[in-house]
Each structure stands twice: as C-alpha cells, then as structure tokens.
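Participant: Sharing entry32.cif below, mmCIF, C-alpha atoms and all ligand atoms:
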data_final
#
loop_
_atom_site.label_atom_id
_atom_site.label_comp_id
_atom_site.auth_asym_id
_atom_site.auth_seq_id
_atom_site.Cartn_x
_atom_site.Cartn_y
_atom_site.Cartn_z
CA MET A 219 1.05 19.78 -5.45
CA LYS A 220 2.54 18.66 -2.15
CA VAL A 221 0.83 15.57 -0.78
CA ALA A 222 1.45 13.97 2.60
CA ILE A 223 0.79 10.24 2.39
CA LEU A 224 0.10 8.57 5.73
CA GLY A 225 1.35 5.01 5.30
CA ALA A 226 3.86 3.77 2.75
CA GLY A 227 2.47 0.27 2.19
CA SER A 228 0.87 -1.12 -0.97
CA VAL A 229 -1.46 1.84 -1.59
CA GLY A 230 0.67 4.64 -0.14
CA SER A 231 3.83 3.66 -1.98
CA THR A 232 1.95 3.16 -5.26
CA LEU A 233 0.21 6.54 -5.10
CA GLY A 234 3.46 8.20 -4.04
CA LYS A 235 5.38 6.79 -7.00
CA ALA A 236 2.61 7.69 -9.43
CA TRP A 237 2.18 11.25 -8.13
CA ALA A 238 5.92 11.87 -8.09
CA ARG A 239 6.12 10.71 -11.72
CA GLN A 240 3.57 13.43 -12.51
CA GLY A 241 5.67 16.11 -10.82
CA HIS A 242 4.02 16.21 -7.40
CA THR A 243 6.03 16.27 -4.19
CA VAL A 244 5.22 13.44 -1.79
CA ILE A 245 5.93 13.37 1.92
CA PHE A 246 5.36 10.00 3.49
CA GLY A 247 4.20 9.98 7.09
CA VAL A 248 5.45 6.74 8.60
CA ARG A 249 6.29 5.11 11.91
CA GLU A 250 9.87 4.32 10.92
CA ALA A 251 11.27 6.75 8.38
CA ARG A 252 14.64 4.97 8.51
CA SER A 253 13.26 1.49 7.81
CA ILE A 254 14.69 -0.40 4.87
CA ASN A 255 11.36 -0.42 3.05
CA VAL A 256 10.97 3.34 3.32
CA GLN A 257 14.57 4.00 2.32
CA VAL A 258 14.22 1.74 -0.75
CA LEU A 259 11.01 3.55 -1.69
CA LEU A 260 12.62 6.98 -1.35
CA ALA A 261 15.60 5.85 -3.42
CA GLU A 262 13.26 4.60 -6.13
CA ILE A 263 11.27 7.85 -6.28
CA GLY A 264 14.20 10.24 -5.97
CA SER A 265 14.28 13.86 -4.92
CA GLN A 266 10.52 14.38 -5.08
CA ALA A 267 9.88 12.22 -2.02
CA GLN A 268 10.69 12.52 1.66
CA ALA A 269 9.68 10.54 4.73
CA HIS A 270 8.99 11.85 8.20
CA SER A 271 6.92 10.98 11.23
CA LEU A 272 3.17 11.17 10.70
CA ALA A 273 3.00 14.35 12.77
CA GLU A 274 5.78 16.06 10.79
CA ALA A 275 4.48 14.95 7.37
CA VAL A 276 1.07 16.59 7.79
CA THR A 277 2.63 19.93 8.69
CA GLN A 278 4.29 20.01 5.26
CA ALA A 279 1.29 19.60 2.96
CA ASN A 280 -2.25 20.86 2.55
CA VAL A 281 -3.35 17.60 0.99
CA VAL A 282 -3.13 14.43 3.09
CA ALA A 283 -3.81 10.91 1.77
CA LEU A 284 -4.87 8.33 4.33
CA THR A 285 -3.51 4.90 3.35
CA VAL A 286 -3.28 2.98 6.61
CA PRO A 287 -5.29 -0.03 7.84
CA TRP A 288 -8.55 0.87 9.59
CA GLU A 289 -7.21 -0.62 12.82
CA ALA A 290 -4.39 1.95 12.72
CA MET A 291 -6.75 4.92 12.92
CA PRO A 292 -6.50 5.44 16.71
CA ASP A 293 -2.71 5.76 16.35
CA VAL A 294 -3.03 8.10 13.37
CA ILE A 295 -5.56 10.30 15.16
CA ALA A 296 -3.26 10.55 18.16
CA ALA A 297 -0.30 11.42 15.94
CA VAL A 298 -1.59 13.99 13.45
CA GLY A 299 -3.89 16.37 15.36
CA ASP A 300 -7.00 17.87 13.81
CA LEU A 301 -5.75 18.42 10.21
CA ASP A 302 -7.42 21.82 10.31
CA GLY A 303 -8.36 23.01 6.81
CA LYS A 304 -6.52 20.21 5.02
CA VAL A 305 -7.90 18.14 2.17
CA LEU A 306 -8.02 14.58 3.52
CA LEU A 307 -8.18 11.87 0.86
CA ASP A 308 -9.59 8.80 2.58
CA GLY A 309 -8.42 5.65 0.83
CA THR A 310 -9.25 3.34 3.71
CA ASN A 311 -11.92 0.69 3.99
CA PRO A 312 -13.53 0.08 7.38
CA LEU A 313 -12.26 -3.47 7.74
CA MET A 314 -11.13 -5.24 10.88
CA GLY A 315 -9.01 -7.99 9.34
CA ASN A 316 -11.17 -9.20 6.46
CA GLN A 317 -14.44 -8.32 8.18
CA LEU A 318 -16.41 -5.08 7.90
CA ASP A 319 -16.25 -2.94 11.01
CA ALA A 320 -20.00 -3.30 11.44
CA ALA A 321 -20.14 -0.62 14.11
CA VAL A 322 -19.16 1.87 11.43
CA ALA A 323 -20.19 0.40 8.11
CA LEU A 324 -23.74 -0.52 9.02
CA ALA A 325 -24.44 2.71 10.89
CA GLN A 326 -22.94 5.16 8.38
CA SER A 327 -19.68 4.75 6.43
CA GLY A 328 -15.95 4.81 6.96
CA GLY A 329 -15.74 8.13 5.12
CA GLU A 330 -18.22 9.76 7.50
CA GLN A 331 -16.42 8.22 10.47
CA VAL A 332 -13.15 9.72 9.24
CA ALA A 333 -14.88 13.11 8.94
CA ALA A 334 -16.16 12.72 12.50
CA TRP A 335 -12.61 12.00 13.66
CA PHE A 336 -11.28 15.03 11.73
CA PRO A 337 -14.13 17.56 11.73
CA LYS A 338 -11.85 20.39 10.62
CA ALA A 339 -10.54 18.53 7.56
CA LYS A 340 -12.18 18.42 4.13
CA VAL A 341 -12.62 14.69 3.66
CA VAL A 342 -12.95 13.08 0.24
CA LYS A 343 -13.44 9.33 -0.06
CA ILE A 344 -11.33 8.09 -2.97
CA PHE A 345 -8.73 5.44 -3.91
CA ASN A 346 -10.50 2.77 -1.83
CA GLN A 347 -12.41 0.80 -4.47
CA VAL A 348 -9.75 -0.93 -6.60
CA GLY A 349 -6.50 -2.71 -5.81
CA TRP A 350 -3.15 -0.97 -5.72
CA GLU A 351 -2.21 -2.66 -9.01
CA THR A 352 -4.85 -0.59 -10.77
CA MET A 353 -3.58 2.55 -9.00
CA ALA A 354 -0.14 1.74 -10.44
CA ASP A 355 -1.64 1.52 -13.92
CA PRO A 356 -5.32 2.42 -14.41
CA HIS A 357 -5.28 1.61 -18.10
CA TYR A 358 -7.13 -1.47 -19.33
CA GLY A 359 -6.52 -1.55 -23.05
CA SER A 360 -7.71 1.80 -24.34
CA ASP A 361 -10.00 2.37 -21.33
CA ALA A 362 -9.08 4.28 -18.19
CA ALA A 363 -10.52 2.81 -15.00
CA THR A 364 -13.15 4.89 -13.23
CA MET A 365 -12.27 6.32 -9.82
CA PHE A 366 -15.34 7.37 -7.89
CA TYR A 367 -15.01 9.97 -5.18
CA ALA A 368 -17.39 11.42 -2.60
CA GLY A 369 -17.20 14.46 -0.37
CA ASP A 370 -18.94 17.57 0.89
CA ASP A 371 -16.37 20.24 -0.05
CA ALA A 372 -16.37 21.19 -3.74
CA ALA A 373 -12.82 22.54 -3.80
CA ALA A 374 -11.45 19.47 -2.00
CA LYS A 375 -13.24 17.24 -4.49
CA GLN A 376 -11.58 19.11 -7.35
CA VAL A 377 -8.18 18.43 -5.80
CA ALA A 378 -9.04 14.75 -5.41
CA ALA A 379 -10.30 14.47 -8.97
CA GLN A 380 -7.19 16.17 -10.32
CA LEU A 381 -4.88 13.84 -8.39
CA ALA A 382 -6.82 10.83 -9.71
CA ALA A 383 -6.76 12.13 -13.30
CA ASP A 384 -3.05 12.90 -13.05
CA ILE A 385 -2.26 9.23 -12.54
CA GLY A 386 -4.56 8.05 -15.31
CA PHE A 387 -7.99 7.46 -13.75
CA ASP A 388 -11.29 8.72 -15.09
CA PRO A 389 -12.59 10.45 -11.95
CA ILE A 390 -16.37 10.46 -11.38
CA ASP A 391 -18.12 12.50 -8.69
CA ALA A 392 -20.35 10.14 -6.68
CA GLY A 393 -21.87 12.90 -4.55
CA ALA A 394 -21.80 13.85 -0.89
CA LEU A 395 -19.53 12.20 1.66
CA SER A 396 -22.48 10.07 2.75
CA ALA A 397 -22.07 8.26 -0.61
CA SER A 398 -18.86 6.80 0.81
CA ARG A 399 -20.98 3.84 1.85
CA TYR A 400 -21.46 2.94 -1.81
CA LEU A 401 -17.74 3.30 -2.56
CA GLU A 402 -16.93 1.08 0.41
CA THR A 403 -19.47 -1.49 -0.74
CA LEU A 404 -17.84 -1.33 -4.16
CA ALA A 405 -14.54 -2.22 -2.49
CA LEU A 406 -16.15 -5.27 -0.90
CA PHE A 407 -17.64 -6.29 -4.23
CA TRP A 408 -14.20 -5.85 -5.82
CA GLY A 409 -12.88 -8.33 -3.22
CA GLN A 410 -15.74 -10.72 -3.94
CA LEU A 411 -14.89 -10.76 -7.66
CA ALA A 412 -11.12 -10.77 -7.19
CA TYR A 413 -10.98 -13.53 -4.57
CA SER A 414 -14.27 -15.46 -4.20
CA GLN A 415 -14.85 -15.47 -7.96
CA GLY A 416 -11.19 -16.03 -8.69
CA MET A 417 -10.90 -13.15 -11.16
CA GLY A 418 -7.68 -11.87 -9.62
CA ARG A 419 -6.65 -8.39 -8.60
CA HIS A 420 -6.33 -6.84 -12.05
CA LEU A 421 -9.92 -5.71 -12.30
CA ALA A 422 -11.42 -2.27 -12.07
CA TRP A 423 -14.62 -0.30 -12.54
CA ARG A 424 -15.67 1.55 -15.67
CA LEU A 425 -18.85 3.66 -15.70
CA LEU A 426 -20.76 3.58 -18.98
CA ARG A 427 -23.25 6.37 -19.73
CA ARG A 428 -25.51 7.50 -22.57
N1 LIG B 501 -4.13 -3.04 -0.84
C1 LIG B 501 -5.02 -2.55 -1.71
O1 LIG B 501 -5.01 -2.91 -2.90
C2 LIG B 501 -6.04 -1.54 -1.24
C3 LIG B 501 -6.90 -0.97 -2.18
C4 LIG B 501 -7.79 0.01 -1.79
C5 LIG B 501 -7.84 0.42 -0.46
N2 LIG B 501 -7.03 -0.17 0.46
C6 LIG B 501 -7.07 0.34 1.83
O2 LIG B 501 -5.91 1.16 1.99
C7 LIG B 501 -5.41 1.07 3.32
C8 LIG B 501 -3.96 0.63 3.27
O3 LIG B 501 -3.89 -0.65 2.66
P1 LIG B 501 -2.48 -1.24 2.20
O4 LIG B 501 -2.81 -2.49 1.46
O5 LIG B 501 -1.67 -0.20 1.56
O6 LIG B 501 -1.85 -1.64 3.59
P2 LIG B 501 -0.33 -2.06 3.87
O7 LIG B 501 0.38 -2.44 2.63
O8 LIG B 501 -0.39 -3.03 5.00
O9 LIG B 501 0.33 -0.69 4.40
C9 LIG B 501 -0.18 -0.08 5.54
C10 LIG B 501 0.67 1.11 5.91
O10 LIG B 501 0.12 1.64 7.12
C11 LIG B 501 1.14 1.70 8.10
N3 LIG B 501 0.60 1.42 9.43
C12 LIG B 501 0.11 0.24 9.89
N4 LIG B 501 -0.28 0.38 11.17
C13 LIG B 501 0.01 1.66 11.53
C14 LIG B 501 -0.16 2.40 12.71
N5 LIG B 501 -0.70 1.84 13.80
N6 LIG B 501 0.24 3.69 12.73
C15 LIG B 501 0.79 4.25 11.63
N7 LIG B 501 0.97 3.60 10.46
C16 LIG B 501 0.57 2.32 10.41
C17 LIG B 501 2.16 0.63 7.74
O11 LIG B 501 3.37 1.00 8.31
P3 LIG B 501 4.50 -0.06 8.74
O12 LIG B 501 5.23 -0.35 7.47
O13 LIG B 501 5.27 0.71 9.77
O14 LIG B 501 3.78 -1.25 9.29
C18 LIG B 501 2.14 0.76 6.21
O15 LIG B 501 2.94 1.84 5.78
C19 LIG B 501 -6.34 0.11 4.07
O16 LIG B 501 -7.30 0.86 4.77
C20 LIG B 501 -6.99 -0.70 2.93
O17 LIG B 501 -8.28 -1.16 3.30
C21 LIG B 501 -6.12 -1.13 0.10
#
Translate the structure of the given file into structure tokens.
Facilitator:
Amino acid sequence: MKVAILGAGSVGSTLGKAWARQGHTVIFGVREARSINVQVLLAEIGSQAQAHSLAEAVTQANVVALTVPWEAMPDVIAAVGDLDGKVLLDGTNPLMGNQLDAAVALAQSGGEQVAAWFPKAKVVKIFNQVGWETMADPHYGSDAATMFYAGDDAAAKQVAAQLAADIGFDPIDAGALSASRYLETLALFWGQLAYSQGMGRHLAWRLLRR
C-alpha cells in the first residue's frame, strides 16, 4: 500500500518506519521536507519513504494517516484540500495542550469533527489510544496489543485493520465513527495510568472475550 503520513513526529515517524518494514510505501507530508529530522528519518527508512509538502503527499496516496497535533488542524485543512475518496486514518486526540478541546470532545468526538472537516474522505479513528512506543512494538510478551478502530465505511475500516495488523496489533472493530468518543476517552485513560498513576508509557490495551 501507499500511505501518506501527515506529520513525521513521534507517531508519524513510528508508523512510517513500521509500515515500510512491512513493505508499504510511505510518503510523509511535512512543513519542511529538507529539515534535518526528516532527512534522518528518510535515511533510516530507505527507498520506501519520501517526504513532500502536505499538499503534494496526499496526491500520491489513497490512504492518508493524520498524525499532527489537534491545534495544527486548521493548517492541515488549508493545505490538503478535501481528500475526496481517500481513506483518512485519524490518529489524533482532540487536545489543546494537555486539556481536552471541550468544544469538540463534549459535543461529539474528534473523529466526527475530522469527518466534518473532510466530508468526502472515509475517516477511520485508529492509532490514537496508545503511545508511540507501543506502535513501534505492539508485543507484550506473547500478547499483541489491541488496536480499536471506528468508522462508517466498511472498506476503509478493512484498510485500517490491515495496516494495524501488519505492524503487529490485534485490530478490533469498535463500531461506527461515533464510537471515536470511546477511543478518545481511552487515550485519556491511557494518559491517566501512564502519568498520574506513574505506570509509564509502555502500557497498552488488550481485549479479553469469551
Ligand atoms: N505521542 C504519542 O504517543 C501519541 C499517541 C497516540 C496519539 N497521539 C496523537 O497523535 C498526534 C501527533 O502526536 P505526536 O506525539 O506524534 O506529535 P509530535 O511528535 O509533536 O509531531 C507532530 C508532527 O506534526 C507536525 N506539525 C505540527 N504542527 C503542524 C502544522 N501546523 N502544520 C503541519 N504539520 C504540523 C510536526 O511538524 P514539525 O516537525 O514541522 O513541527 C510533526 O511532524 C497528536 O494528535 C496526538 O494527540 C500521540
């Protein structure tokens, strides 16, 4: 698959490295393609990665991963157009600094807000609920961490699930895009355990069923 990754920070670079290792082509959409950080990242990944402007990156892939801070969304919207027909993997959390963007999170969810910003894209909420360290390696002993995802387009959800499974997650369908609110709450709870409870960032979710 060809995946455009908007943002090459902790989450974007981690997903890019992991997907490239599995044979996918990654095209980072960044503000400064020539920056040292981006050049080091490209050198590390090798020929399966490129970096362009955000606008250029999204023209080159049918799957787009959103890995920028919530505050960056106005810039991203201005840069990338309507993402018509593209699968949009929303890894963001609606945080302003460390605080929930209450205007969004209490009224609906970040995932639904992203879909409202990109009504022609097929939005799937995913990769928001654990730290990047778990995205780098989802294995905890013999268990694979769960990655929940939510969306309204069945084919887009299959793409999301496949990309999660490819890098070692156990993907679980959490339902319609409106269920993003639960995935975003899970991210907050992850932060509560990691920081307030002092458990550290190497923790993840695992769904048990019988
Ligand atoms: N960190 C985690 O473990 C984690 C886990 C799950 C979900 N998330 C969510 O994932 C998203 C990214 O988090 P992160 O930790 O990867 O952030 P990060 O390390 O700070 O990276 C953010 C990326 O977004 C880019 N960016 C920032 N402002 C921008 C703008 N105005 N226009 C275009 N690009 C911009 C940055 O580019 P520059 O290098 O040019 O500044 C950088 O590439 C956030 O929504 C976060 O809530 C994070």
Participant: Please write out the residues within 6 Å of ligand LIG 501 (chain B) as a VMD selection string, counting all atoms listed in the file.
Facilitator: chain A and resid 225 to 230 248 to 250 285 to 288 290 293 to 294 309 to 311 345 to 350
Participant: Determine the nearest neighbour of A:Leu307 from the options A:Gly247, A:Gly393, A:Gly418, A:Gly329, counting all atoms listed in the file.
Facilitator: A:Gly329
Participant: So what do you get for atom CA of A:Ser398 versus atom CA of A:Ser327, distance-wise?
Facilitator: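 Result for atom CA of A:Ser398 versus atom CA of A:Ser327: 6.0 Å, one decimal.
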Participant: One decimal, Å: what's the distance from atom CA of A:Leu313 over to atom CA of A:Gly328, could you say?
Facilitator: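 Computed distance, atom CA of A:Leu313 to atom CA of A:Gly328, equals 9.1 Å.
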Participant: With all atoms listed in the file as the atoms that count, which of A:Tyr400, A:Trp237, A:Trp408, A:Phe387 lies nearest to A:Asp361?
Facilitator: A:Phe387
Participant: Please tell me which residues are no farther than 10 Å from (-14.0, 22.3, -0.9) in the file, counting all atoms listed in the file, and write them as a compact mmCIF listing (two decimals) with C-alpha atoms, in the coordinates of the input.
Facilitator:
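Result file is part01.txt:
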# COMPACT_ATOMS: atom_id res chain seq x y z
CA GLY A 303 -8.36 23.01 6.81
CA LYS A 304 -6.52 20.21 5.02
CA VAL A 305 -7.90 18.14 2.17
CA ALA A 339 -10.54 18.53 7.56
CA LYS A 340 -12.18 18.42 4.13
CA VAL A 341 -12.62 14.69 3.66
CA VAL A 342 -12.95 13.08 0.24
CA GLY A 369 -17.20 14.46 -0.37
CA ASP A 370 -18.94 17.57 0.89
CA ASP A 371 -16.37 20.24 -0.05
CA ALA A 372 -16.37 21.19 -3.74
CA ALA A 373 -12.82 22.54 -3.80
CA ALA A 374 -11.45 19.47 -2.00
CA LYS A 375 -13.24 17.24 -4.49
CA GLN A 376 -11.58 19.11 -7.35
CA VAL A 377 -8.18 18.43 -5.80
Participant: If we count all atoms listed in the file and set the cut-off at 9 Å, which residues sit around A:Ala275, ignoring sequence neighbours fewer than 4 positions away in its own chain? Please answer as a list in words.
Facilitator: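 So, after excluding close chain neighbours, the residues are Val221, Ala222, Ile223, Leu224, Ile245, Phe246, Gly247, Val248, Gln268, Ala269, His270, Ser271, Ala279, Val282 and Val298 of chain A.
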Participant: Once 3 Å is added on each side, what are the centre and the three edge lengths, in Å to one decimal, of the axis-aligned box enclosing the listed atoms of stretch 258-272 of chain A? Present them as lines of an AutoDock Vina configuration file.
Facilitator:
center_x = 9.4
center_y = 8.1
center_z = 2.5
size_x = 18.4
size_y = 18.6
size_z = 23.5
Participant: Please list, as a list in words, the residues that have an atom at most 12 Å away from (-9.7, 3.0, -20.2) in the coordinates of this file, counting all atoms listed in the file.
Facilitator: Thr352, Asp355, Pro356, His357, Tyr358, Gly359, Ser360, Asp361, Ala362, Ala363, Thr364, Met365, Ala383, Gly386, Phe387, Asp388, Pro389, Leu421, Ala422, Trp423, Arg424, Leu425 and Leu426 of chain A
Participant: Which one of A:Leu381, A:Ala394, A:Ala273, A:Met417 sits closest to A:His242 if you count only C-alpha atoms?
Facilitator: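 Ranking A:Leu381, A:Ala394, A:Ala273, A:Met417 by distance to A:His242, first place goes to A:Leu381.
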Participant: Do you have the atom CA of A:Val332-atom CA of A:Ile263 distance handy?
Facilitator: 29.0 Å
Participant: Show which residues sit within 10 Å of A:Leu260, as a ChimeraX atom specification. Count only C-alpha atoms, and ignore same-chain residues fewer than 4 positions away.
Facilitator: /A:231,234-235,244-246,251,254-256,264-269
Participant: Which of these, A:Leu404, A:Glu351, A:Gly315, A:Phe366, has the shortest distance to A:Arg419 once you count all atoms listed in the file?
Facilitator: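 That would be A:Glu351, the residue with the smallest distance to A:Arg419.
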Participant: Nearest residue to A:Ala323 out of A:Thr403, A:Thr277, A:Gln380, A:Gln257, using only C-alpha atoms?
Facilitator: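 Ranked by minimum distance to A:Ala323, first place goes to A:Thr403.
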